[in-house]
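Structure file coords_33.cif; described as mmCIF, C-alpha atoms.
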```cif
data_final
loop_
_atom_site.label_atom_id
_atom_site.label_comp_id
_atom_site.auth_asym_id
_atom_site.auth_seq_id
_atom_site.Cartn_x
_atom_site.Cartn_y
_atom_site.Cartn_z
CA MET A 1206 0.00 0.00 0.00
CA VAL A 1207 1.04 3.56 -0.70
CA ASP A 1208 1.71 5.74 2.36
CA ALA A 1209 -0.71 8.53 1.48
CA ASP A 1210 -1.17 10.57 4.63
CA THR A 1211 -0.15 13.77 2.85
CA ALA A 1212 0.17 15.04 -0.70
CA ASP A 1213 3.92 15.24 -0.08
CA ASP A 1214 3.93 11.47 0.58
CA ILE A 1215 2.36 10.88 -2.81
CA GLU A 1216 4.78 13.26 -4.51
CA ARG A 1217 7.77 11.49 -2.94
CA GLU A 1218 6.30 8.18 -4.14
CA PHE A 1219 5.80 9.61 -7.66
CA TYR A 1220 9.48 10.49 -8.05
CA GLU A 1221 10.59 7.19 -6.47
CA ALA A 1222 8.39 5.32 -8.95
CA MET A 1223 10.00 7.35 -11.76
CA ARG A 1224 13.50 6.46 -10.57
CA SER A 1225 12.65 2.79 -10.07
CA GLY A 1226 10.83 2.50 -13.41
CA ASP A 1227 8.03 0.55 -11.72
CA VAL A 1228 4.69 0.93 -13.53
CA GLY A 1229 2.65 -0.81 -10.81
CA ARG A 1230 4.09 1.48 -8.15
CA MET A 1231 3.43 4.51 -10.38
CA MET A 1232 -0.20 3.64 -11.05
CA ALA A 1233 -0.91 2.89 -7.35
CA LEU A 1234 -0.46 6.58 -6.50
CA TRP A 1235 -2.81 7.91 -9.19
CA SER A 1236 -6.54 8.28 -8.64
CA ASP A 1237 -8.62 5.77 -10.60
CA GLU A 1238 -10.96 8.47 -11.94
CA GLU A 1239 -11.60 8.36 -15.68
CA GLU A 1240 -10.60 11.98 -16.29
CA ILE A 1241 -7.12 11.99 -14.71
CA VAL A 1242 -4.65 13.70 -17.04
CA CYS A 1243 -0.93 13.28 -17.72
CA VAL A 1244 1.15 15.44 -20.06
CA HIS A 1245 4.70 14.21 -20.66
CA PRO A 1246 7.11 16.91 -21.94
CA GLY A 1247 6.25 17.85 -25.52
CA SER A 1248 3.59 15.15 -25.85
CA PRO A 1249 -0.19 15.09 -26.32
CA ARG A 1250 -2.23 14.84 -23.16
CA ILE A 1251 -3.09 11.38 -21.95
CA VAL A 1252 -6.47 10.84 -20.29
CA GLY A 1253 -7.57 7.99 -18.05
CA PRO A 1254 -5.78 5.30 -15.98
CA LEU A 1255 -5.37 2.74 -18.77
CA ALA A 1256 -3.83 5.19 -21.22
CA ILE A 1257 -1.61 6.70 -18.52
CA ARG A 1258 -0.39 3.22 -17.52
CA ALA A 1259 0.46 2.45 -21.16
CA SER A 1260 2.38 5.73 -21.44
CA TYR A 1261 4.53 4.92 -18.40
CA GLU A 1262 5.21 1.46 -19.81
CA GLY A 1263 6.74 3.35 -22.73
CA VAL A 1264 8.66 5.78 -20.52
CA PHE A 1265 10.08 2.91 -18.44
CA ALA A 1266 10.85 0.62 -21.40
CA SER A 1267 14.58 1.29 -20.93
CA GLY A 1268 14.44 1.51 -17.12
CA GLY A 1269 14.00 4.20 -14.49
CA VAL A 1270 14.50 7.92 -15.00
CA ALA A 1271 17.20 9.91 -13.14
CA ILE A 1272 14.91 12.63 -11.79
CA GLU A 1273 14.82 14.74 -8.63
CA PRO A 1274 12.19 17.30 -7.59
CA GLU A 1275 13.43 20.76 -6.59
CA GLN A 1276 12.00 24.13 -5.59
CA VAL A 1277 8.49 22.93 -4.79
CA ARG A 1278 5.80 25.62 -4.49
CA ARG A 1279 2.50 24.54 -2.95
CA VAL A 1280 -1.06 25.86 -2.94
CA ARG A 1281 -2.84 23.91 -0.21
CA SER A 1282 -6.47 23.51 0.69
CA HIS A 1283 -8.37 21.08 2.86
CA ALA A 1284 -8.64 18.26 0.34
CA SER A 1285 -6.51 19.32 -2.62
CA GLU A 1286 -3.00 20.57 -3.31
CA VAL A 1287 -1.26 21.98 -6.34
CA HIS A 1288 2.52 21.61 -6.43
CA SER A 1289 4.74 23.41 -8.91
CA VAL A 1290 7.98 21.45 -9.18
CA VAL A 1291 11.27 22.01 -10.99
CA GLU A 1292 12.30 18.51 -12.08
CA ARG A 1293 16.05 17.99 -12.47
CA LEU A 1294 16.87 15.22 -14.92
CA GLU A 1295 20.25 13.71 -15.80
CA VAL A 1296 20.17 12.75 -19.47
CA GLU A 1297 22.66 11.33 -21.96
CA THR A 1298 23.25 13.43 -25.07
CA GLU A 1299 25.64 13.23 -28.02
CA ASP A 1300 27.86 15.65 -26.10
CA GLY A 1301 27.80 13.54 -22.92
CA PRO A 1302 25.66 13.75 -19.78
CA ARG A 1303 23.62 16.88 -19.29
CA THR A 1304 21.34 18.25 -16.58
CA VAL A 1305 17.93 19.29 -17.87
CA ARG A 1306 15.23 21.09 -15.90
CA VAL A 1307 11.53 20.58 -16.54
CA LEU A 1308 8.62 22.55 -15.06
CA ALA A 1309 5.85 20.33 -13.74
CA THR A 1310 2.47 20.98 -12.17
CA ASN A 1311 1.24 18.12 -9.96
CA VAL A 1312 -2.30 18.09 -8.57
CA TYR A 1313 -3.42 15.90 -5.67
CA LEU A 1314 -6.86 15.21 -4.22
CA HIS A 1315 -7.77 13.65 -0.92
CA THR A 1316 -9.92 10.62 -1.78
CA GLY A 1317 -11.53 7.86 0.24
CA LEU A 1318 -8.24 5.97 -0.13
CA GLY A 1319 -6.06 8.89 0.99
CA TRP A 1320 -4.20 11.37 -1.20
CA ARG A 1321 -3.90 10.54 -4.88
CA MET A 1322 -2.44 12.25 -7.96
CA VAL A 1323 -5.07 13.43 -10.46
CA ALA A 1324 -2.94 15.51 -12.86
CA HIS A 1325 0.70 15.74 -13.92
CA HIS A 1326 1.67 18.33 -16.54
CA ALA A 1327 5.33 18.64 -17.53
CA SER A 1328 6.65 21.16 -20.07
CA PRO A 1329 9.63 20.54 -22.37
CA GLY A 1330 12.87 21.03 -20.46
CA SER A 1331 15.73 23.46 -20.79
CA VAL A 1332 19.43 22.89 -20.15
CA GLY A 1333 20.87 24.66 -17.12
CA GLU A 1334 19.26 26.64 -14.37
CA LEU A 1335 15.59 27.43 -14.84
CA GLN A 1336 14.52 30.90 -13.81
CA GLU A 1337 11.61 31.62 -11.57
CA VAL A 1338 9.91 35.00 -11.49
CA ALA A 1339 8.48 35.77 -8.07
CA GLU A 1340 7.27 38.72 -6.05
CA THR A 1341 10.78 39.96 -5.38
CA ALA A 1342 11.84 40.06 -9.03
CA THR A 1343 13.16 43.57 -9.59
CA THR A 1344 13.10 43.24 -13.36
CA LEU A 1345 9.33 43.34 -13.31
CA HIS A 1346 9.06 46.78 -11.77
CA MET B 1486 -17.50 41.39 -9.38
CA VAL B 1487 -16.67 38.11 -11.01
CA ASP B 1488 -19.51 35.63 -11.36
CA ALA B 1489 -17.83 32.74 -9.55
CA ASP B 1490 -20.56 30.24 -8.76
CA THR B 1491 -18.69 27.47 -10.56
CA ALA B 1492 -15.16 26.76 -11.73
CA ASP B 1493 -16.54 26.90 -15.29
CA ASP B 1494 -17.61 30.51 -14.62
CA ILE B 1495 -14.04 31.39 -13.69
CA GLU B 1496 -12.66 29.57 -16.70
CA ARG B 1497 -15.01 31.43 -19.03
CA GLU B 1498 -13.92 34.68 -17.41
CA PHE B 1499 -10.24 33.72 -17.81
CA TYR B 1500 -10.55 33.32 -21.58
CA GLU B 1501 -12.68 36.47 -21.88
CA ALA B 1502 -10.02 38.40 -19.96
CA MET B 1503 -7.41 36.99 -22.37
CA ARG B 1504 -9.42 38.10 -25.41
CA SER B 1505 -10.14 41.56 -23.97
CA GLY B 1506 -6.55 42.09 -22.80
CA ASP B 1507 -7.82 43.46 -19.48
CA VAL B 1508 -5.30 42.94 -16.66
CA GLY B 1509 -7.70 44.03 -13.91
CA ARG B 1510 -10.32 41.58 -15.10
CA MET B 1511 -7.67 38.85 -15.32
CA MET B 1512 -6.36 39.37 -11.80
CA ALA B 1513 -9.87 39.51 -10.29
CA LEU B 1514 -10.38 35.82 -11.09
CA TRP B 1515 -7.11 34.63 -9.50
CA SER B 1516 -6.80 33.76 -5.83
CA ASP B 1517 -4.75 36.27 -3.85
CA GLU B 1518 -2.62 33.54 -2.23
CA GLU B 1519 1.13 34.10 -2.34
CA GLU B 1520 1.91 30.72 -3.94
CA ILE B 1521 -0.35 30.88 -6.99
CA VAL B 1522 1.57 29.83 -10.10
CA CYS B 1523 1.38 30.75 -13.79
CA VAL B 1524 3.45 29.20 -16.58
CA HIS B 1525 3.14 30.91 -19.96
CA PRO B 1526 4.19 28.70 -22.93
CA GLY B 1527 7.96 28.18 -22.93
CA SER B 1528 8.53 30.60 -20.03
CA PRO B 1529 9.78 30.28 -16.46
CA ARG B 1530 7.13 29.83 -13.82
CA ILE B 1531 5.74 32.97 -12.25
CA VAL B 1532 4.78 32.88 -8.57
CA GLY B 1533 2.51 35.25 -6.66
CA PRO B 1534 -0.17 37.80 -7.60
CA LEU B 1535 2.14 40.77 -8.20
CA ALA B 1536 4.48 38.88 -10.51
CA ILE B 1537 1.55 37.27 -12.35
CA ARG B 1538 -0.07 40.69 -12.84
CA ALA B 1539 3.18 42.03 -14.27
CA SER B 1540 3.43 39.08 -16.66
CA TYR B 1541 -0.07 39.71 -18.03
CA GLU B 1542 0.75 43.40 -18.49
CA GLY B 1543 3.48 42.11 -20.80
CA VAL B 1544 1.20 39.62 -22.57
CA PHE B 1545 -1.45 42.33 -23.14
CA ALA B 1546 0.98 45.08 -24.15
CA SER B 1547 -0.20 44.77 -27.75
CA GLY B 1548 -3.84 43.99 -26.90
CA GLY B 1549 -5.98 40.93 -26.33
CA VAL B 1550 -5.17 37.41 -27.47
CA ALA B 1551 -7.32 35.50 -30.01
CA ILE B 1552 -7.83 32.38 -27.88
CA GLU B 1553 -10.63 29.83 -27.47
CA PRO B 1554 -10.81 26.88 -25.07
CA GLU B 1555 -11.63 23.48 -26.59
CA GLN B 1556 -11.92 19.85 -25.47
CA VAL B 1557 -12.07 20.53 -21.74
CA ARG B 1558 -11.48 17.53 -19.44
CA ARG B 1559 -12.39 18.00 -15.78
CA VAL B 1560 -11.49 16.31 -12.51
CA ARG B 1561 -13.97 17.63 -9.98
CA SER B 1562 -14.12 17.49 -6.22
CA HIS B 1563 -16.12 19.37 -3.61
CA ALA B 1564 -13.92 22.46 -3.44
CA SER B 1565 -11.38 22.07 -6.25
CA GLU B 1566 -11.32 21.33 -9.96
CA VAL B 1567 -8.59 20.56 -12.45
CA HIS B 1568 -9.35 21.37 -16.08
CA SER B 1569 -7.22 20.20 -18.98
CA VAL B 1570 -7.88 22.54 -21.90
CA VAL B 1571 -6.76 22.61 -25.51
CA GLU B 1572 -6.32 26.33 -26.24
CA ARG B 1573 -6.81 27.33 -29.89
CA LEU B 1574 -4.90 30.49 -30.77
CA GLU B 1575 -4.95 32.45 -34.01
CA VAL B 1576 -1.48 33.91 -34.52
CA GLU B 1577 0.23 35.95 -37.24
CA THR B 1578 3.36 34.37 -38.73
CA GLU B 1579 5.68 35.25 -41.62
CA ASP B 1580 3.60 32.85 -43.73
CA GLY B 1581 0.32 34.48 -42.72
CA PRO B 1582 -2.23 33.60 -40.06
CA ARG B 1583 -1.93 30.21 -38.42
CA THR B 1584 -3.93 28.24 -35.87
CA VAL B 1585 -1.82 27.02 -32.96
CA ARG B 1586 -2.95 24.66 -30.21
CA VAL B 1587 -1.59 24.84 -26.68
CA LEU B 1588 -2.18 22.36 -23.83
CA ALA B 1589 -3.12 24.05 -20.57
CA THR B 1590 -3.86 22.80 -17.07
CA ASN B 1591 -6.05 25.15 -15.03
CA VAL B 1592 -6.65 24.58 -11.32
CA TYR B 1593 -9.48 26.20 -9.36
CA LEU B 1594 -10.23 26.29 -5.64
CA HIS B 1595 -13.40 27.27 -3.89
CA THR B 1596 -12.47 30.11 -1.54
CA GLY B 1597 -14.42 32.36 0.80
CA LEU B 1598 -14.97 34.64 -2.20
CA GLY B 1599 -16.18 31.86 -4.49
CA TRP B 1600 -14.15 29.94 -7.07
CA ARG B 1601 -10.75 31.30 -7.97
CA MET B 1602 -7.89 30.22 -10.26
CA VAL B 1603 -4.77 29.11 -8.36
CA ALA B 1604 -2.66 27.65 -11.19
CA HIS B 1605 -2.37 27.99 -14.97
CA HIS B 1606 0.26 25.92 -16.78
CA ALA B 1607 0.49 26.18 -20.58
CA SER B 1608 2.95 24.21 -22.72
CA PRO B 1609 4.45 25.47 -25.97
CA GLY B 1610 1.97 25.07 -28.81
CA SER B 1611 1.94 23.08 -31.99
CA VAL B 1612 0.47 23.95 -35.37
CA GLY B 1613 -2.56 21.96 -36.43
CA GLU B 1614 -4.65 19.43 -34.61
CA LEU B 1615 -3.31 18.30 -31.27
CA GLN B 1616 -3.72 14.63 -30.52
CA GLU B 1617 -5.18 13.29 -27.34
CA VAL B 1618 -4.49 9.78 -26.15
CA ALA B 1619 -7.40 8.34 -24.20
CA GLU B 1620 -8.73 4.99 -23.08
CA THR B 1621 -9.96 4.10 -26.53
CA ALA B 1622 -6.65 4.70 -28.30
CA THR B 1623 -5.88 1.50 -30.15
CA THR B 1624 -2.24 2.43 -30.78
CA LEU B 1625 -1.49 1.86 -27.13
CA HIS B 1626 -2.47 -1.79 -27.04
#
```
Final structure tokens representation of the file:
Amino acid sequence: MVDADTADDIEREFYEAMRSGDVGRMMALWSDEEEIVCVHPGSPRIVGPLAIRASYEGVFASGGVAIEPEQVRRVRSHASEVHSVVERLEVETEDGPRTVRVLATNVYLHTGLGWRMVAHHASPGSVGELQEVAETATTLH
Amino acid sequence: MVDADTADDIEREFYEAMRSGDVGRMMALWSDEEEIVCVHPGSPRIVGPLAIRASYEGVFASGGVAIEPEQVRRVRSHASEVHSVVERLEVETEDGPRTVRVLATNVYLHTGLGWRMVAHHASPGSVGELQEVAETATTLH
């Protein structure tokens, strides 16, 4: 069983499932609602548990993914949370290993079974440090 | 005042604010929480109401945006909703006008003031029809 006392538990489990390349573990942390949505970087959206499972089978075909969450921003309410995550990935390129950063939005709902993921949206990544613009950004004023 | 009886009301208002290029109208539909997040296509994430306001001042500098929401998928709970939207934009290019489609995830919470947007994440667009992979997709099996 997934330890799902908090949305953070589910998020930790999500990235551990990514690193381990374990589809069963990945799908156990998603809600089983028909309208759950997953957007892999640069891909069409994928809707529903069966299609999402099939997509992770593709992602994990060559094993786990070297990925770490960073700089998590959270909007919390009683039974839902939105996390904005900078995902740091180590990837092999023609020029050798590179660090890529991807922006992801993860949404969690508290269900009868505990917290579950209902949406994951990741944008195409960029090499190097990703910028964040926040309240203190002087360039905006 | 924003008509905010449902998350769909706020979403309608979001796209009307985009088309009208009205920053005040746009910001009235966002939550005023410090951790609200906006990702414009291909851009860094923007955190907090002041920074998000500044970003829309930039987006609207040359007027409203020709944008229409399509193919909305919703995960609903009592006080939060996640909408996956295909945004259809009409843009001018060197080769003339083109239709571009952008995938967006919009998250709404029910607050003391009614429904409000707390996250908007849009990926870079693609020209032409965007594919969706759903339960019925035969290519996955």
Should the cut-off be 7 Å, what would the residue list for chain B against chain A look like, counting all atoms listed in the file, as number ranges by chain?
B: 1520-1521, 1529-1533, 1535-1536, 1539, 1558-1560, 1565, 1608, 1615-1620, 1625
Judged by all atoms listed in the file, the minimum distance to Ser1516 of chain B among B:Ala1489, B:Met1503, B:Val1557, B:Tyr1541 is found for B:Ala1489
Would you give the centre and edge lengths, in Å to one decimal, of a box along x, y and z around the listed atoms of segment 1564-1569 of chain B, with 4 Å added to each side, as JSON?
```
{"center_x": -10.6, "center_y": 21.3, "center_z": -11.2, "size_x": 14.7, "size_y": 10.3, "size_z": 23.5}
```
Separation of atom CA of Trp1515 of chain B and atom CA of Val1544 of chain B, in Å?
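Going from atom CA of Trp1515 of chain B over to atom CA of Val1544 of chain B, I get 16.3 Å.
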Pairwise distance for atom CA of Asp1494 of chain B and atom CA of Gly1599 of chain B, rounded to one decimal in Å
10.3 Å
The PyMOL selection byres ((chain A and resi 1231) around 9) applied to the shown file, residues as a PyMOL selection string
chain A and resi 1218-1223+1226-1230+1232-1235+1258+1261
Quick one: residues within 8 Å of Val1270 of chain A, all atoms listed in the file counted, chain neighbours fewer than 2 positions away excluded, as a VMD selection string?
chain A and resid 1223 to 1226 1265 1268 1272 1294
So that I have them on file, write out the residues from the current selection with C-alpha atoms, as a PDB file, in the frame of the given file.
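Once written, out.pdb looks like this:
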```pdb
ATOM      1  CA  MET A1223      10.000   7.350 -11.760  1.00  0.00           C
ATOM      2  CA  ARG A1224      13.500   6.460 -10.570  1.00  0.00           C
ATOM      3  CA  SER A1225      12.650   2.790 -10.070  1.00  0.00           C
ATOM      4  CA  GLY A1226      10.830   2.500 -13.410  1.00  0.00           C
ATOM      5  CA  PHE A1265      10.080   2.910 -18.440  1.00  0.00           C
ATOM      6  CA  GLY A1268      14.440   1.510 -17.120  1.00  0.00           C
ATOM      7  CA  ILE A1272      14.910  12.630 -11.790  1.00  0.00           C
ATOM      8  CA  LEU A1294      16.870  15.220 -14.920  1.00  0.00           C
TER       9      LEU A1294
END
```
Hey, can you check how far atom CA of Asp1493 of chain B sits from atom CA of Arg1601 of chain B?
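Taking atom CA of Asp1493 of chain B as the start and atom CA of Arg1601 of chain B as the end point, the length is 10.3 Å.
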